[in-house]
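Structure file model_10.txt (compact mmCIF, C-alpha atoms and all ligand atoms) is printed below.
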```txt
# COMPACT_ATOMS: atom_id res chain seq x y z
CA MET A 852 -13.73 15.88 10.89
CA ILE A 853 -13.15 12.17 11.16
CA ARG A 854 -10.88 11.16 14.02
CA THR A 855 -10.13 7.67 15.23
CA PRO A 856 -7.57 6.17 17.67
CA LEU A 857 -5.23 5.77 14.66
CA CYS A 858 -4.80 9.57 14.53
CA ALA A 859 -3.38 9.89 18.05
CA LEU A 860 -1.34 6.71 17.64
CA CYS A 861 0.47 8.03 14.56
CA GLY A 862 0.27 11.78 15.23
CA ILE A 863 -1.80 12.40 12.08
CA THR A 864 -4.89 14.53 11.36
CA TYR A 865 -6.81 12.08 9.14
CA PRO A 866 -6.89 8.26 9.41
CA VAL A 867 -5.54 7.79 5.89
CA PHE A 868 -2.25 6.05 5.01
CA GLN A 869 -0.55 6.14 1.62
CA GLY A 870 0.70 2.65 0.82
CA GLY A 871 4.45 2.11 0.62
CA MET A 872 4.68 0.96 -2.99
CA ALA A 873 7.90 -0.76 -4.13
CA HIS A 874 9.98 1.36 -6.55
CA ILE A 875 7.33 4.11 -6.31
CA SER A 876 6.72 5.65 -2.87
CA ASP A 877 9.55 8.11 -2.27
CA GLY A 878 10.29 10.91 0.18
CA ARG A 879 8.54 13.51 -1.95
CA LEU A 880 5.22 11.61 -2.20
CA ALA A 881 5.32 10.60 1.46
CA ALA A 882 6.01 14.19 2.57
CA ALA A 883 3.11 15.52 0.48
CA VAL A 884 0.71 13.03 2.07
CA SER A 885 1.97 13.68 5.61
CA GLU A 886 1.92 17.44 5.06
CA ALA A 887 -1.76 17.08 4.04
CA GLY A 888 -2.59 15.32 7.32
CA GLY A 889 -2.39 11.65 6.30
CA LEU A 890 0.52 9.28 6.84
CA GLY A 891 2.99 9.26 3.96
CA ILE A 892 5.00 6.07 3.69
CA ILE A 893 8.33 5.65 1.88
CA SER A 894 9.04 2.25 0.33
CA ALA A 895 12.39 0.86 1.47
CA ALA A 896 12.28 -1.36 -1.66
CA GLY A 897 13.61 1.10 -4.20
CA GLY A 898 11.46 4.16 -3.54
CA GLY A 899 12.85 7.23 -5.36
CA SER A 900 16.66 7.24 -5.51
CA GLY A 901 16.70 3.74 -4.03
CA ASP A 902 18.68 5.14 -1.09
CA LEU A 903 16.35 4.87 1.90
CA ARG A 904 18.35 7.23 4.13
CA GLU A 905 18.30 9.86 1.39
CA GLU A 906 14.52 9.51 0.88
CA ILE A 907 13.87 9.83 4.63
CA ARG A 908 15.96 13.03 4.65
CA ILE A 909 14.05 14.40 1.63
CA ALA A 910 10.77 13.78 3.45
CA ARG A 911 12.13 15.38 6.63
CA SER A 912 13.17 18.48 4.64
CA LEU A 913 9.62 18.85 3.25
CA THR A 914 7.48 18.22 6.32
CA LYS A 915 7.64 18.22 10.10
CA ALA A 916 4.72 15.76 10.22
CA PRO A 917 5.38 12.07 10.99
CA VAL A 918 6.38 9.82 8.09
CA GLY A 919 6.46 6.07 7.75
CA VAL A 920 8.65 3.53 5.97
CA ASN A 921 7.39 0.26 4.49
CA ILE A 922 9.73 -2.70 4.49
CA MET A 923 8.95 -5.43 1.97
CA LEU A 924 10.25 -8.39 3.94
CA GLN A 925 11.17 -10.50 0.89
CA SER A 926 13.40 -7.73 -0.44
CA PRO A 927 17.16 -8.46 -0.30
CA SER A 928 17.66 -5.10 1.44
CA ALA A 929 15.05 -5.71 4.20
CA ARG A 930 17.62 -6.30 6.95
CA GLU A 931 19.57 -3.16 6.10
CA ALA A 932 16.34 -1.13 5.92
CA ALA A 933 15.30 -2.52 9.32
CA ALA A 934 18.44 -1.00 10.85
CA ILE A 935 18.13 2.33 9.01
CA VAL A 936 14.57 3.02 10.24
CA ALA A 937 15.73 2.58 13.84
CA GLU A 938 18.79 4.82 13.34
CA GLU A 939 16.75 7.52 11.60
CA ARG A 940 13.97 7.38 14.22
CA VAL A 941 11.20 7.01 11.68
CA GLU A 942 7.87 7.42 13.49
CA VAL A 943 6.01 4.49 11.88
CA VAL A 944 7.18 1.29 10.21
CA THR A 945 4.87 -0.90 8.15
CA THR A 946 5.90 -4.29 6.77
CA GLY A 947 4.64 -6.38 3.90
CA ALA A 948 4.74 -9.86 2.42
CA GLY A 949 5.87 -11.72 5.52
CA ASN A 950 6.30 -11.97 9.27
CA PRO A 951 8.45 -9.19 10.82
CA SER A 952 8.86 -10.85 14.26
CA GLU A 953 12.68 -10.93 14.10
CA TYR A 954 12.84 -7.12 13.86
CA MET A 955 10.14 -6.21 16.37
CA LYS A 956 12.34 -5.96 19.49
CA ALA A 957 14.81 -3.52 17.92
CA TRP A 958 12.02 -1.35 16.47
CA LEU A 959 10.08 -1.21 19.74
CA GLU A 960 13.26 -0.28 21.62
CA ALA A 961 13.77 2.57 19.13
CA GLY A 962 10.27 3.84 19.99
CA ILE A 963 8.85 3.08 16.54
CA VAL A 964 5.12 2.52 16.03
CA VAL A 965 5.09 -0.83 14.21
CA ILE A 966 2.14 -1.60 11.95
CA PRO A 967 2.55 -4.84 9.95
CA VAL A 968 0.44 -5.64 6.90
CA VAL A 969 -1.42 -8.89 7.47
CA ALA A 970 -3.60 -10.96 5.17
CA SER A 971 -5.12 -13.15 7.88
CA ALA A 972 -6.55 -12.97 11.41
CA ALA A 973 -3.93 -15.50 12.60
CA LEU A 974 -0.98 -13.26 11.66
CA ALA A 975 -2.81 -10.23 13.10
CA LYS A 976 -3.02 -12.00 16.48
CA MET A 977 0.63 -12.98 16.35
CA MET A 978 1.63 -9.39 15.54
CA GLU A 979 -0.46 -8.04 18.42
CA ARG A 980 1.32 -10.41 20.82
CA ALA A 981 4.69 -9.34 19.38
CA GLY A 982 4.01 -5.68 20.19
CA ALA A 983 2.47 -4.23 17.01
CA ALA A 984 0.60 -0.98 17.72
CA ALA A 985 -1.93 -1.66 14.95
CA VAL A 986 -2.22 -3.87 11.87
CA ILE A 987 -3.06 -3.14 8.27
CA ALA A 988 -5.43 -5.85 7.02
CA GLU A 989 -5.04 -5.99 3.25
CA GLY A 990 -7.50 -7.82 1.02
CA GLY A 991 -6.77 -9.27 -2.38
CA GLU A 992 -8.41 -6.37 -4.22
CA SER A 993 -5.20 -4.44 -3.71
CA GLY A 994 -2.44 -4.05 -6.21
CA GLY A 995 0.86 -5.86 -5.85
CA HIS A 996 1.50 -8.91 -3.71
CA ILE A 997 -1.78 -10.31 -2.37
CA GLY A 998 -3.08 -12.89 0.06
CA GLU A 999 -6.18 -15.06 -0.32
CA ALA A 1000 -8.89 -13.14 1.55
CA ALA A 1001 -10.94 -10.24 0.19
CA THR A 1002 -11.24 -7.00 2.15
CA MET A 1003 -14.97 -7.21 3.01
CA PRO A 1004 -14.67 -10.51 4.95
CA LEU A 1005 -11.06 -9.92 6.14
CA ILE A 1006 -11.58 -6.63 8.00
CA PRO A 1007 -14.33 -7.71 10.44
CA GLN A 1008 -12.55 -11.01 11.13
CA VAL A 1009 -9.29 -9.22 11.94
CA VAL A 1010 -11.17 -6.60 13.99
CA ASP A 1011 -12.73 -9.42 16.04
CA ALA A 1012 -9.36 -11.16 16.46
CA VAL A 1013 -7.35 -8.26 17.96
CA LYS A 1014 -7.76 -5.31 20.34
CA ILE A 1015 -5.33 -2.98 18.53
CA PRO A 1016 -6.57 -0.65 15.75
CA VAL A 1017 -7.03 -2.19 12.30
CA VAL A 1018 -6.32 -0.25 9.12
CA ALA A 1019 -8.28 -1.47 6.08
CA ALA A 1020 -6.48 -1.82 2.74
CA GLY A 1021 -7.28 -3.32 -0.64
CA GLY A 1022 -10.06 -1.97 -2.81
CA ILE A 1023 -10.41 1.41 -1.11
CA GLY A 1024 -10.36 4.32 -3.54
CA ASP A 1025 -12.62 7.06 -2.23
CA GLY A 1026 -14.59 8.33 0.74
CA ARG A 1027 -17.24 5.65 0.40
CA GLY A 1028 -14.47 3.09 0.93
CA LEU A 1029 -13.25 4.96 4.01
CA ALA A 1030 -16.79 5.15 5.43
CA ALA A 1031 -17.43 1.47 4.69
CA SER A 1032 -14.13 0.49 6.32
CA LEU A 1033 -15.07 2.39 9.48
CA MET A 1034 -18.41 0.56 9.48
CA LEU A 1035 -16.54 -2.76 9.28
CA GLY A 1036 -14.72 -1.77 12.45
CA ALA A 1037 -11.48 -0.40 10.97
CA ALA A 1038 -9.83 2.69 12.46
CA GLY A 1039 -8.67 4.01 9.09
CA VAL A 1040 -7.58 3.06 5.61
CA GLN A 1041 -4.48 2.65 3.49
CA MET A 1042 -4.68 3.52 -0.20
CA GLY A 1043 -1.98 2.81 -2.79
CA THR A 1044 -3.53 2.88 -6.25
CA ARG A 1045 -5.33 6.20 -5.69
CA PHE A 1046 -1.96 7.83 -4.90
CA LEU A 1047 -0.42 6.54 -8.16
CA ALA A 1048 -2.26 9.46 -9.77
CA ALA A 1049 -1.02 12.00 -7.21
CA LYS A 1050 0.79 14.93 -8.80
CA GLU A 1051 3.68 14.31 -6.39
CA CYS A 1052 3.95 10.64 -7.45
CA GLY A 1053 7.00 10.39 -9.72
CA ILE A 1054 6.08 7.33 -11.82
CA PRO A 1055 6.35 7.59 -15.62
CA GLN A 1056 3.37 9.27 -17.34
CA HIS A 1057 2.63 5.99 -19.16
CA TYR A 1058 1.93 4.32 -15.76
CA LYS A 1059 -0.41 7.15 -14.72
CA ASP A 1060 -2.19 7.02 -18.09
CA LEU A 1061 -2.80 3.27 -17.72
CA VAL A 1062 -4.39 3.87 -14.30
CA LEU A 1063 -6.46 6.84 -15.53
CA LYS A 1064 -7.92 4.86 -18.43
CA ALA A 1065 -8.51 1.66 -16.43
CA SER A 1066 -12.01 0.28 -15.81
CA ASP A 1067 -13.46 -1.99 -13.13
CA THR A 1068 -12.19 -5.09 -14.97
CA SER A 1069 -8.72 -3.84 -15.87
CA THR A 1070 -6.62 -5.88 -13.42
CA ILE A 1071 -5.35 -9.45 -13.53
CA VAL A 1072 -3.71 -11.75 -10.97
CA THR A 1073 -0.56 -13.64 -11.94
CA GLY A 1074 2.39 -15.38 -10.29
CA ARG A 1075 0.49 -17.82 -8.08
CA ARG A 1076 2.42 -20.80 -9.53
CA LEU A 1077 5.74 -19.46 -8.19
CA GLY A 1078 4.28 -18.13 -4.95
CA HIS A 1079 4.54 -14.43 -5.75
CA THR A 1080 0.94 -13.70 -6.50
CA VAL A 1081 0.49 -10.13 -7.73
CA ARG A 1082 -2.37 -8.02 -9.08
CA SER A 1083 -1.47 -5.72 -11.96
CA LEU A 1084 -3.08 -3.89 -14.85
CA LYS A 1085 -3.93 -5.95 -17.92
CA THR A 1086 -1.24 -5.16 -20.48
CA PRO A 1087 0.30 -7.25 -23.26
CA TYR A 1088 2.99 -8.24 -20.69
CA SER A 1089 0.63 -9.43 -17.93
CA ARG A 1090 -1.72 -11.17 -20.39
CA HIS A 1091 1.28 -13.00 -21.87
CA TYR A 1092 2.44 -14.06 -18.38
CA ALA A 1093 -1.07 -15.34 -17.58
CA GLN A 1094 -1.22 -17.20 -20.87
CA VAL A 1095 2.05 -19.09 -20.32
CA GLU A 1096 1.86 -19.50 -16.52
CA TYR A 1097 0.09 -22.88 -16.58
CA THR A 1098 1.74 -24.31 -19.69
CA ASP A 1099 4.84 -26.58 -19.71
CA ILE A 1100 7.12 -23.53 -19.35
CA SER A 1101 9.86 -24.20 -16.75
CA ASP A 1102 9.93 -22.43 -13.39
CA GLU A 1103 13.23 -20.82 -14.41
CA GLU A 1104 11.79 -19.38 -17.62
CA LEU A 1105 8.71 -18.11 -15.79
CA GLU A 1106 10.88 -16.56 -13.10
CA ALA A 1107 12.97 -14.84 -15.78
CA LEU A 1108 9.81 -13.38 -17.32
CA GLY A 1109 9.03 -11.68 -14.01
CA THR A 1110 12.54 -10.52 -13.11
CA GLY A 1111 12.85 -6.75 -13.05
CA SER A 1112 9.33 -6.23 -14.41
CA LEU A 1113 8.12 -4.11 -11.46
CA ARG A 1114 11.11 -1.80 -11.78
CA LYS A 1115 10.71 -1.62 -15.55
CA ALA A 1116 7.15 -0.32 -15.09
CA ALA A 1117 7.73 2.01 -12.14
CA LYS A 1118 11.05 3.52 -13.18
CA LEU A 1119 11.18 3.21 -16.98
CA GLY A 1120 7.54 3.09 -18.11
CA ASP A 1121 8.60 0.13 -20.28
CA GLU A 1122 5.48 -0.59 -22.34
CA LYS A 1123 6.57 -4.13 -23.30
CA GLY A 1124 8.31 -5.62 -20.24
CA GLY A 1125 6.81 -3.63 -17.37
CA CYS A 1126 4.42 -5.10 -14.78
CA TYR A 1127 2.11 -2.24 -13.78
CA LEU A 1128 0.87 -3.08 -10.28
CA ALA A 1129 -2.53 -1.59 -9.40
CA GLY A 1130 -5.59 -2.56 -7.40
CA GLN A 1131 -9.19 -3.10 -8.45
CA ILE A 1132 -10.09 0.52 -7.72
CA ALA A 1133 -7.93 1.68 -10.66
CA GLY A 1134 -11.17 2.24 -12.58
CA MET A 1135 -12.24 4.82 -9.97
CA VAL A 1136 -9.17 7.02 -10.49
CA LYS A 1137 -10.22 9.65 -13.01
CA GLU A 1138 -7.78 12.54 -12.66
CA GLU A 1139 -4.38 13.56 -11.42
CA GLN A 1140 -4.73 15.45 -8.13
CA THR A 1141 -2.35 16.66 -5.46
CA ALA A 1142 -2.00 14.44 -2.40
CA ARG A 1143 -3.80 17.15 -0.42
CA GLU A 1144 -6.74 17.16 -2.86
CA ILE A 1145 -6.99 13.38 -2.67
CA ILE A 1146 -6.98 13.26 1.13
CA GLU A 1147 -9.37 16.18 1.60
CA GLU A 1148 -11.79 14.78 -1.00
CA VAL A 1149 -11.74 11.28 0.50
CA VAL A 1150 -12.36 12.60 4.01
CA ARG A 1151 -15.16 14.96 2.85
CA GLU A 1152 -16.87 12.13 0.92
CA ALA A 1153 -16.62 9.82 3.93
CA GLU A 1154 -18.20 12.45 6.19
CA GLU A 1155 -21.06 12.87 3.71
CA ALA A 1156 -21.56 9.11 3.50
CA LEU A 1157 -21.53 8.67 7.28
CA ARG A 1158 -23.90 11.62 7.88
CA GLY A 1159 -26.27 10.30 5.20
CA ALA A 1160 -26.25 6.78 6.60
CA SER A 1161 -28.66 7.49 9.45
CA ARG A 1162 -31.34 8.38 6.86
CA LEU A 1163 -31.38 4.72 5.82
CA ILE A 1164 -32.99 3.77 9.14
CA ALA A 1165 -36.76 4.09 9.01
CA ASP A 1166 -38.27 4.47 12.44
O1 LIG B 1 3.61 -6.39 0.21
C1 LIG B 1 2.58 -6.04 -0.32
N1 LIG B 1 2.50 -5.72 -1.62
C2 LIG B 1 3.55 -5.75 -2.50
S1 LIG B 1 5.15 -6.12 -2.13
C3 LIG B 1 5.58 -5.89 -3.72
S2 LIG B 1 7.21 -6.08 -4.29
C4 LIG B 1 7.23 -7.67 -4.89
N2 LIG B 1 8.35 -7.99 -5.47
C5 LIG B 1 8.50 -9.22 -6.01
C6 LIG B 1 7.50 -10.15 -5.94
C7 LIG B 1 6.34 -9.84 -5.34
C8 LIG B 1 6.19 -8.57 -4.82
C9 LIG B 1 4.51 -5.51 -4.45
N3 LIG B 1 3.40 -5.43 -3.75
N4 LIG B 1 1.44 -5.92 0.39
C10 LIG B 1 1.39 -6.27 1.74
C11 LIG B 1 0.92 -7.66 1.90
N5 LIG B 1 1.42 -8.49 2.77
N6 LIG B 1 -0.04 -8.27 1.20
C12 LIG B 1 -0.16 -9.52 1.66
C13 LIG B 1 0.78 -9.65 2.66
C14 LIG B 1 1.06 -10.78 3.49
C15 LIG B 1 0.79 -12.07 3.07
C16 LIG B 1 1.09 -13.14 3.90
C17 LIG B 1 1.66 -10.57 4.73
C18 LIG B 1 1.97 -11.62 5.53
C19 LIG B 1 1.68 -12.88 5.11
O2 LIG B 1 1.97 -13.92 5.93
C20 LIG B 1 3.21 -14.53 5.72
C21 LIG B 1 3.68 -15.28 6.90
O3 LIG B 1 4.92 -15.53 6.91
O4 LIG B 1 2.88 -15.62 7.78
```

Spell out the structure here as structure tokens.
Ligand code: TUI
Amino acid sequence: MIRTPLCALCGITYPVFQGGMAHISDGRLAAAVSEAGGLGIISAAGGGSGDLREEIRIARSLTKAPVGVNIMLQSPSAREAAAIVAEERVEVVTTGAGNPSEYMKAWLEAGIVVIPVVASAALAKMMERAGAAAVIAEGGESGGHIGEAATMPLIPQVVDAVKIPVVAAGGIGDGRGLAASLMLGAAGVQMGTRFLAAKECGIPQHYKDLVLKASDTSTIVTGRRLGHTVRSLKTPYSRHYAQVEYTDISDEELEALGTGSLRKAAKLGDEKGGCYLAGQIAGMVKEEQTAREIIEEVVREAEEALRGASRLIAD
């Protein structure tokens, strides 16, 4: 049994979060993760039906365990989502791709445990001052929108910068990643890519197949020129984007190439125009499993790794 302060803080059995993935993480996936003892997180940016209130109610109908909602701050619906989570008394709110300071007061008054995603020690400190209960420090190995720092150097620097618990994210795909994160000082982990292959994850089969056949070198980073840097699987679409990104193509044309591409992948399985977000651990995902199987396997592997670690010390 691995227990950390994150468990009591969020009312969960295991210190494992499922990332709130835009257009992907819905009430059904989140409920399956929470029911298995982790923290399931619904994405307010188009998870499931796209109706956040509906997805929260679906999750509530499937589990009595706490659930979270992730708000992607650059999403046009962020403000509306910020109000809904307070009205619906969601237990945990995570935020991504920005600074959630303007919403903090209302969320804290509603009794919500607020856990922003940060990509730097500076933002982690600011979030701690603003009342965050913990932070998720996400390195650039993750899928989707990424910052500049990698997980291995980011986690200890954020841990040293704040007193609140730190959740490690980016590049964590199994129990060795959980054990290593705990050794870096984190109180738990968040995984997104591993849960793409969860049986309860409703993405098109083509998306799952791309993840299942990925290797260690299957992802690519694009979008830096326009300031929306994302990591995705190498596909004809993402290779084409990378090829034209630093040519004389106009910003407008480049922007148009990206428009709707996340939704096309996550909702339609569009093989030509879809941008299939995934992290560097995609190559470690070998089979579809239930959320419960994923969480129990990750925790068991981490226990084995941590028990075995003392044998490395010769005395
Ligand atoms: O947010 C994510 N990952 C995402 S969001 C997304 S949807 C999207 N749609 C269109 C374009 C781009 C993305 C897909 N994946 N992860 C959390 C995360 N937050 N990673 C990095 C950050 C971050 C970076 C800088 C958070 C705060 C930050 O500081 C900004 C500031 O204002 O100080």

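The shell of residues at most 12 Å from Glu1152 in chain A, with only C-alpha atoms counted and near chain neighbours (fewer than 5 positions) removed, consists of A:Met852, A:Ile853, A:Gly1024, A:Asp1025, A:Gly1026, A:Arg1027, A:Gly1028, A:Leu1029, A:Ala1030, A:Ala1031, A:Glu1144, A:Ile1145, A:Ile1146, A:Glu1147, A:Leu1157, A:Arg1158, A:Gly1159.
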
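Counting all atoms listed in the file and comparing A:Gly889, A:Gly1053, A:Gly1109, A:Gly1036, the residue that lies closest to ligand LIG 1 (chain B) is A:Gly1109.
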
Using only C-alpha atoms, which protein or nucleic acid residues come within 7 Å of range 965-968 of chain A? Drop anything in the same chain fewer than 6 positions from it, and give the result as a VMD selection string. chain A and resid 943 to 947 983 to 989

Which protein, DNA or RNA residues have an atom within 8 Å of ligand LIG 1 (chain B), counting all atoms listed in the file, as a PDB file with C-alpha atoms, keeping the file's coordinate frame?
```pdb
ATOM      1  CA  MET A 872       4.680   0.960  -2.990  1.00  0.00           C
ATOM      2  CA  ALA A 873       7.900  -0.760  -4.130  1.00  0.00           C
ATOM      3  CA  ALA A 896      12.280  -1.360  -1.660  1.00  0.00           C
ATOM      4  CA  MET A 923       8.950  -5.430   1.970  1.00  0.00           C
ATOM      5  CA  LEU A 924      10.250  -8.390   3.940  1.00  0.00           C
ATOM      6  CA  GLN A 925      11.170 -10.500   0.890  1.00  0.00           C
ATOM      7  CA  SER A 926      13.400  -7.730  -0.440  1.00  0.00           C
ATOM      8  CA  THR A 946       5.900  -4.290   6.770  1.00  0.00           C
ATOM      9  CA  GLY A 947       4.640  -6.380   3.900  1.00  0.00           C
ATOM     10  CA  ALA A 948       4.740  -9.860   2.420  1.00  0.00           C
ATOM     11  CA  GLY A 949       5.870 -11.720   5.520  1.00  0.00           C
ATOM     12  CA  ASN A 950       6.300 -11.970   9.270  1.00  0.00           C
ATOM     13  CA  PRO A 967       2.550  -4.840   9.950  1.00  0.00           C
ATOM     14  CA  VAL A 968       0.440  -5.640   6.900  1.00  0.00           C
ATOM     15  CA  VAL A 969      -1.420  -8.890   7.470  1.00  0.00           C
ATOM     16  CA  ALA A 970      -3.600 -10.960   5.170  1.00  0.00           C
ATOM     17  CA  SER A 971      -5.120 -13.150   7.880  1.00  0.00           C
ATOM     18  CA  LEU A 974      -0.980 -13.260  11.660  1.00  0.00           C
ATOM     19  CA  GLU A 989      -5.040  -5.990   3.250  1.00  0.00           C
ATOM     20  CA  GLY A 990      -7.500  -7.820   1.020  1.00  0.00           C
ATOM     21  CA  GLY A 991      -6.770  -9.270  -2.380  1.00  0.00           C
ATOM     22  CA  SER A 993      -5.200  -4.440  -3.710  1.00  0.00           C
ATOM     23  CA  GLY A 994      -2.440  -4.050  -6.210  1.00  0.00           C
ATOM     24  CA  GLY A 995       0.860  -5.860  -5.850  1.00  0.00           C
ATOM     25  CA  HIS A 996       1.500  -8.910  -3.710  1.00  0.00           C
ATOM     26  CA  ILE A 997      -1.780 -10.310  -2.370  1.00  0.00           C
ATOM     27  CA  GLY A 998      -3.080 -12.890   0.060  1.00  0.00           C
ATOM     28  CA  HIS A1079       4.540 -14.430  -5.750  1.00  0.00           C
ATOM     29  CA  THR A1080       0.940 -13.700  -6.500  1.00  0.00           C
ATOM     30  CA  VAL A1081       0.490 -10.130  -7.730  1.00  0.00           C
ATOM     31  CA  LEU A1113       8.120  -4.110 -11.460  1.00  0.00           C
ATOM     32  CA  LEU A1128       0.870  -3.080 -10.280  1.00  0.00           C
TER      33      LEU A1128
END
```

Sel. within 12 Å of pt (18.7, -2.4, 7.4), counting all atoms listed in the file, output as a ChimeraX atom specification: /A:895-896,902-904,920-924,926-939,954,957-958
